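Colleague: One file: upload.txt (compact mmCIF, C-alpha atoms).
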# COMPACT_ATOMS: atom_id res chain seq x y z
CA MET A 1 -10.38 -96.37 92.24
CA LYS A 2 -8.88 -95.78 88.81
CA LEU A 3 -10.78 -97.05 85.81
CA GLU A 4 -7.70 -98.95 84.64
CA TYR A 5 -8.05 -101.24 87.67
CA LEU A 6 -11.31 -102.61 86.32
CA ASP A 7 -9.31 -104.79 83.91
CA TYR A 8 -7.41 -106.32 86.83
CA ILE A 9 -10.65 -107.17 88.68
CA LEU A 10 -13.39 -107.97 86.18
CA VAL A 11 -11.32 -109.79 83.56
CA PRO A 12 -9.88 -112.42 85.98
CA LEU A 13 -13.34 -112.83 87.52
CA GLY A 14 -14.96 -113.40 84.14
CA MET A 15 -12.33 -115.84 82.89
CA GLY A 16 -12.29 -117.60 86.26
CA LEU A 17 -16.05 -118.06 86.02
CA MET A 18 -15.71 -119.62 82.56
CA ILE A 19 -12.88 -121.92 83.65
CA PHE A 20 -14.66 -122.96 86.85
CA TYR A 21 -17.84 -123.82 84.91
CA HIS A 22 -15.96 -126.01 82.43
CA LEU A 23 -14.06 -127.78 85.21
CA TRP A 24 -17.40 -128.47 86.91
CA LEU A 25 -18.81 -129.70 83.58
CA LEU A 26 -15.81 -131.99 83.08
CA ASN A 27 -16.29 -133.48 86.53
CA ARG A 28 -19.98 -134.06 85.80
CA ILE A 29 -19.18 -135.71 82.46
CA ILE A 30 -16.77 -138.10 84.18
CA HIS A 31 -18.96 -139.03 87.14
CA ARG A 32 -22.51 -138.49 85.78
CA PRO A 33 -22.26 -138.68 81.98
CA SER A 34 -25.96 -139.50 81.54
CA SER A 35 -26.93 -136.07 82.86
CA THR A 36 -24.91 -134.20 80.21
CA VAL A 37 -25.42 -133.82 76.48
CA ILE A 38 -21.80 -134.78 75.78
CA GLY A 39 -22.07 -137.99 77.81
CA LEU A 40 -25.34 -139.10 76.25
CA ASN A 41 -24.12 -138.32 72.73
CA ALA A 42 -20.95 -140.32 73.32
CA PHE A 43 -22.97 -143.33 74.46
CA ASN A 44 -25.34 -143.10 71.49
CA ARG A 45 -22.43 -142.75 69.05
CA ARG A 46 -21.06 -146.08 70.29
CA LEU A 47 -24.42 -147.69 69.63
CA TRP A 48 -24.55 -146.05 66.19
CA VAL A 49 -21.12 -147.39 65.23
CA GLN A 50 -22.12 -150.90 66.27
CA ALA A 51 -25.32 -150.64 64.25
CA MET A 52 -23.46 -149.40 61.16
CA MET A 53 -20.85 -152.17 61.37
CA GLU A 54 -23.41 -154.95 61.67
CA ASP A 55 -23.91 -154.86 57.90
CA VAL A 56 -21.22 -152.82 56.14
CA SER A 57 -22.57 -153.46 52.65
CA LYS A 58 -25.96 -152.07 53.63
CA ASN A 59 -25.01 -149.24 56.00
CA GLY A 60 -21.61 -148.23 54.60
CA VAL A 61 -22.88 -145.35 52.47
CA LEU A 62 -24.98 -143.95 55.31
CA ALA A 63 -22.04 -144.11 57.72
CA VAL A 64 -19.66 -142.36 55.31
CA GLN A 65 -22.19 -139.64 54.52
CA THR A 66 -22.76 -138.99 58.22
CA LEU A 67 -19.04 -138.75 58.93
CA ARG A 68 -18.57 -136.56 55.85
CA ASN A 69 -21.13 -134.11 57.22
CA ASN A 70 -19.14 -133.96 60.44
CA ILE A 71 -15.94 -133.38 58.49
CA MET A 72 -17.61 -130.51 56.62
CA ALA A 73 -18.70 -128.93 59.91
CA SER A 74 -15.17 -129.17 61.32
CA THR A 75 -13.72 -127.81 58.08
CA LEU A 76 -16.04 -124.81 58.22
CA LEU A 77 -15.01 -123.98 61.78
CA ALA A 78 -11.31 -124.50 61.01
CA SER A 79 -11.50 -122.23 57.94
CA THR A 80 -13.36 -119.58 59.90
CA ALA A 81 -10.81 -119.73 62.73
CA ILE A 82 -7.76 -119.35 60.49
CA MET A 83 -9.45 -116.52 58.57
CA LEU A 84 -10.17 -114.68 61.82
CA CYS A 85 -6.55 -115.26 62.89
CA SER A 86 -5.40 -113.47 59.77
CA LEU A 87 -7.80 -110.61 60.43
CA ILE A 88 -6.64 -110.24 64.04
CA ALA A 89 -3.00 -110.27 62.90
CA VAL A 90 -3.75 -107.41 60.52
CA LEU A 91 -5.44 -105.42 63.29
CA MET A 92 -2.47 -105.99 65.59
CA THR A 93 0.02 -104.64 63.07
CA SER A 94 -2.07 -101.66 61.97
CA ASN A 95 -1.88 -98.38 63.88
CA THR A 96 -4.57 -96.48 62.02
CA GLY A 97 -7.28 -94.69 63.98
CA GLU A 98 -7.66 -93.78 67.63
CA ARG A 99 -8.35 -96.99 69.49
CA SER A 100 -9.08 -95.34 72.82
CA VAL A 101 -12.43 -94.03 71.55
CA TRP A 102 -13.69 -97.65 71.49
CA LEU A 103 -13.55 -97.91 75.27
CA ALA A 104 -15.89 -96.59 77.90
CA PHE A 105 -13.86 -97.95 80.84
CA GLY A 106 -10.62 -99.80 81.38
CA ASP A 107 -7.03 -99.57 80.28
CA LYS A 108 -6.65 -97.61 77.04
CA SER A 109 -2.93 -98.08 76.48
CA ASP A 110 -1.42 -99.64 73.36
CA ARG A 111 -0.01 -102.47 75.45
CA ALA A 112 -3.48 -103.35 76.70
CA PHE A 113 -4.81 -103.49 73.14
CA SER A 114 -1.90 -105.72 72.11
CA ILE A 115 -2.69 -108.13 74.95
CA LYS A 116 -6.37 -108.22 73.99
CA PHE A 117 -5.69 -108.89 70.31
CA PHE A 118 -3.08 -111.51 71.19
CA ALA A 119 -5.56 -113.32 73.50
CA ILE A 120 -8.15 -113.42 70.71
CA LEU A 121 -5.51 -114.62 68.24
CA VAL A 122 -4.45 -117.48 70.53
CA CYS A 123 -8.10 -118.45 71.08
CA PHE A 124 -8.76 -118.77 67.34
CA LEU A 125 -5.48 -120.62 66.77
CA VAL A 126 -6.50 -123.16 69.41
CA ALA A 127 -9.91 -123.49 67.74
CA PHE A 128 -8.22 -124.11 64.38
CA LEU A 129 -5.91 -126.82 65.76
CA LEU A 130 -8.73 -128.58 67.61
CA ASN A 131 -10.94 -128.69 64.52
CA VAL A 132 -8.04 -129.99 62.44
CA GLN A 133 -7.67 -132.86 64.93
CA SER A 134 -11.41 -133.46 64.65
CA ILE A 135 -11.09 -133.78 60.87
CA ARG A 136 -8.22 -136.21 61.36
CA TYR A 137 -10.22 -138.57 63.57
CA TYR A 138 -13.34 -138.39 61.42
CA SER A 139 -11.23 -139.21 58.34
CA HIS A 140 -9.80 -142.27 60.07
CA ALA A 141 -13.26 -143.35 61.22
CA SER A 142 -14.72 -143.07 57.70
CA ILE A 143 -12.32 -145.82 56.60
CA LEU A 144 -12.42 -147.97 59.72
CA ILE A 145 -16.21 -148.09 59.85
CA ASN A 146 -16.35 -149.69 56.38
CA VAL A 147 -13.93 -152.52 57.12
CA PRO A 148 -15.98 -155.77 56.99
CA PHE A 149 -14.88 -157.08 60.37
CA LYS A 150 -17.89 -159.36 60.64
CA GLN A 151 -17.02 -161.19 57.43
CA LEU A 152 -13.30 -161.32 58.14
CA MET A 153 -13.83 -162.71 61.64
CA ALA A 154 -16.66 -165.10 60.75
CA ASP A 155 -14.40 -168.12 61.16
CA SER A 156 -12.87 -166.95 64.43
CA SER A 157 -14.37 -168.40 67.61
CA GLY A 158 -16.33 -166.06 69.85
CA GLY A 159 -15.95 -163.00 67.67
CA HIS A 160 -13.68 -161.30 70.19
CA SER A 161 -11.82 -159.31 67.56
CA LEU A 162 -15.09 -157.97 66.18
CA MET A 163 -16.13 -156.45 69.51
CA ILE A 164 -12.68 -154.95 70.10
CA ASN A 165 -12.61 -153.39 66.65
CA GLN A 166 -16.10 -151.99 67.00
CA ASP A 167 -15.11 -150.42 70.29
CA TYR A 168 -11.97 -148.94 68.70
CA VAL A 169 -13.95 -147.39 65.84
CA ALA A 170 -16.48 -145.99 68.30
CA ALA A 171 -13.65 -144.46 70.35
CA THR A 172 -12.24 -142.87 67.19
CA VAL A 173 -15.59 -141.33 66.31
CA ASN A 174 -15.99 -140.05 69.86
CA ARG A 175 -12.52 -138.49 69.81
CA GLY A 176 -13.42 -136.61 66.65
CA SER A 177 -16.58 -135.34 68.32
CA TYR A 178 -14.69 -134.35 71.47
CA PHE A 179 -12.19 -132.28 69.49
CA TRP A 180 -15.04 -130.67 67.57
CA SER A 181 -16.73 -129.75 70.84
CA LEU A 182 -13.49 -128.31 72.23
CA GLY A 183 -13.02 -126.26 69.05
CA LEU A 184 -16.53 -124.93 69.44
CA ARG A 185 -15.78 -124.05 73.08
CA ALA A 186 -12.78 -122.05 71.87
CA PHE A 187 -15.18 -120.01 69.73
CA TYR A 188 -17.33 -119.49 72.82
CA PHE A 189 -14.30 -118.22 74.73
CA SER A 190 -13.55 -115.75 71.93
CA SER A 191 -16.83 -113.90 72.51
CA PRO A 192 -15.92 -112.33 75.88
CA LEU A 193 -12.35 -111.79 74.68
CA PHE A 194 -13.63 -109.86 71.68
CA LEU A 195 -15.92 -107.70 73.83
CA TRP A 196 -12.94 -107.06 76.10
CA ILE A 197 -11.76 -104.68 73.38
CA PHE A 198 -14.63 -102.38 74.36
CA GLY A 199 -13.92 -102.63 78.06
CA PRO A 200 -13.88 -105.07 80.99
CA ILE A 201 -17.54 -104.47 81.89
CA PRO A 202 -18.96 -105.89 78.59
CA MET A 203 -16.49 -108.75 78.88
CA PHE A 204 -17.61 -109.69 82.40
CA ILE A 205 -21.31 -109.43 81.50
CA THR A 206 -20.73 -111.66 78.46
CA CYS A 207 -19.00 -114.29 80.62
CA CYS A 208 -21.97 -114.38 83.02
CA VAL A 209 -24.52 -114.63 80.20
CA LEU A 210 -22.49 -117.26 78.36
CA VAL A 211 -22.13 -119.48 81.42
CA SER A 212 -25.87 -119.24 82.08
CA LEU A 213 -26.68 -120.27 78.51
CA LEU A 214 -24.15 -123.09 78.43
CA TYR A 215 -25.54 -124.50 81.67
CA PHE A 216 -28.92 -125.13 80.05
CA LEU A 217 -27.35 -126.32 76.77
CA ASP A 218 -24.92 -128.80 78.36
CA LEU A 219 -27.28 -130.52 80.79
CA THR A 220 -30.07 -132.90 79.84
CA ILE A 221 -32.71 -131.94 82.38
CA ASP A 222 -35.46 -133.88 80.59
CA SER A 223 -33.47 -137.13 80.66
CA MET A 224 -32.68 -137.16 84.38
CA GLU A 225 -35.29 -139.85 84.97
CA CYS A 226 -33.59 -142.30 82.61
CA SER A 227 -30.06 -141.59 83.85
CA VAL A 228 -29.94 -144.75 85.95
CA GLU A 229 -30.88 -146.97 83.00
CA VAL A 230 -28.24 -145.37 80.78
CA VAL A 231 -25.55 -145.76 83.42
CA ASP A 232 -26.49 -149.40 83.93
CA ALA A 233 -26.31 -150.01 80.19
CA GLU A 234 -22.86 -148.42 80.03
CA GLU A 235 -21.60 -150.54 82.93
CA THR A 236 -23.02 -153.71 81.35
CA MET A 237 -21.29 -152.93 78.06
CA ILE A 238 -17.96 -152.26 79.78
CA ARG A 239 -18.19 -155.51 81.75
CA SER A 240 -19.01 -157.50 78.61
CA LEU A 241 -16.07 -156.00 76.76
CA ALA A 242 -13.76 -156.80 79.65
CA GLU A 243 -14.98 -160.41 79.74
CA ASN A 244 -14.48 -160.80 75.98
CA VAL A 245 -10.95 -159.47 76.19
For the structure just supplied, provide its representation as structure tokens.
Modeller:
Amino acid sequence: MKLEYLDYILVPLGMGLMIFYHLWLLNRIIHRPSSTVIGLNAFNRRLWVQAMMEDVSKNGVLAVQTLRNNIMASTLLASTAIMLCSLIAVLMTSNTGERSVWLAFGDKSDRAFSIKFFAILVCFLVAFLLNVQSIRYYSHASILINVPFKQLMADSSGGHSLMINQDYVAATVNRGSYFWSLGLRAFYFSSPLFLWIFGPIPMFITCCVLVSLLYFLDLTIDSMECSVEVVDAEETMIRSLAENV
């Protein structure tokens, strides 16, 4: 078997492994959110938003500072992504040096290198756009979380508008966090793509190692015992919101 065929075998296997893991993780987040870090964090962010909006005059500064830290984190990742995009674009247009000496196995043609650099460029562009969306939602939330809904709706009966607005602000904060997480995943995807420059074997090994690490980082093994209580609390909150509406 020719060494060039390794790219046609190992690269699809590695990317398929990454995609399959994230599809499995998405299914677990939807059906068993309490067993994942993303699901538990989303639930706790809703509780945090409700706690911050109970007394805006007292907790407003803390809420804005927390959201500002998240904006700074998203800004850092977005700046890094667009800077790396510029660097990759320069490498794509430059023809200096013998690129084939970088590889131990795999396709060494100029077309193969163009495909590899283009895949990395697209990955960082996606990371940039996702982090920009994260900044957008966090910026909206920093204003919404300081609106004194409790004072404005004090004369309204039942406080229905208060609960709806709190839920909307919590959803906005969660959307910002989701986009930040997706932007970070795009950086994760760039690691095997970058090592693909040196051959399909390092790329496939990186995919296997990365999936193994993400499995332990994405699941909350220690909180499995309290998963039932968290799910029950989520269902109770959803039912109460539906009744208020």
Colleague: Counting all atoms listed in the file, what is within 7 Å of segment 134-148 of chain A, bar same-chain residues fewer than 5 positions away, as number ranges by chain?
Modeller: A: 53, 56, 60, 64, 67, 71, 74, 169, 172-173, 175-177, 179-180
Colleague: Tell me, in Å to one decimal, how far atom CA of Gln65 of chain A is from atom CA of Leu182 of chain A.
Modeller: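 Atom CA of Leu182 of chain A lies at a distance of 22.8 Å from atom CA of Gln65 of chain A.
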Colleague: When distances are computed from all atoms listed in the file, which of A:Leu214, A:Leu23, A:Leu91, A:Ala170 shows the smallest separation from Phe43 of chain A?
Modeller: A:Ala170
Colleague: Can you work out the spacing between atom CA of Met72 of chain A and atom CA of Asn131 of chain A in Å, to one decimal?
Modeller: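 One can read the atom CA of Met72 of chain A to atom CA of Asn131 of chain A distance as 10.5 Å.
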Colleague: Extract, using all atoms listed in the file, all DNA, RNA and protein residues at most 12 Å from Leu217 of chain A, discarding same-chain residues fewer than 2 positions from it, and format them as a list of chain:residue names.
Modeller: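 Contacts, with the query itself left out: A:Leu25, A:Ser35, A:Thr36, A:Val37, A:Ile38, A:Leu210, A:Val211, A:Ser212, A:Leu213, A:Leu214, A:Tyr215, A:Leu219, A:Thr220, A:Ile221, A:Asp222.
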Colleague: Which is closest to Met203 of chain A among A:Leu47, A:Lys116, A:Asn27, A:Phe149, if we use all atoms listed in the file?
Modeller: A:Lys116
Colleague: For Ser86 of chain A, which residue among A:Tyr178, A:Tyr21, A:Phe117, A:Phe194 is the nearest when counting only C-alpha atoms?
Modeller: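 Using only C-alpha atoms, the shortest distance to Ser86 of chain A belongs to A:Phe117.
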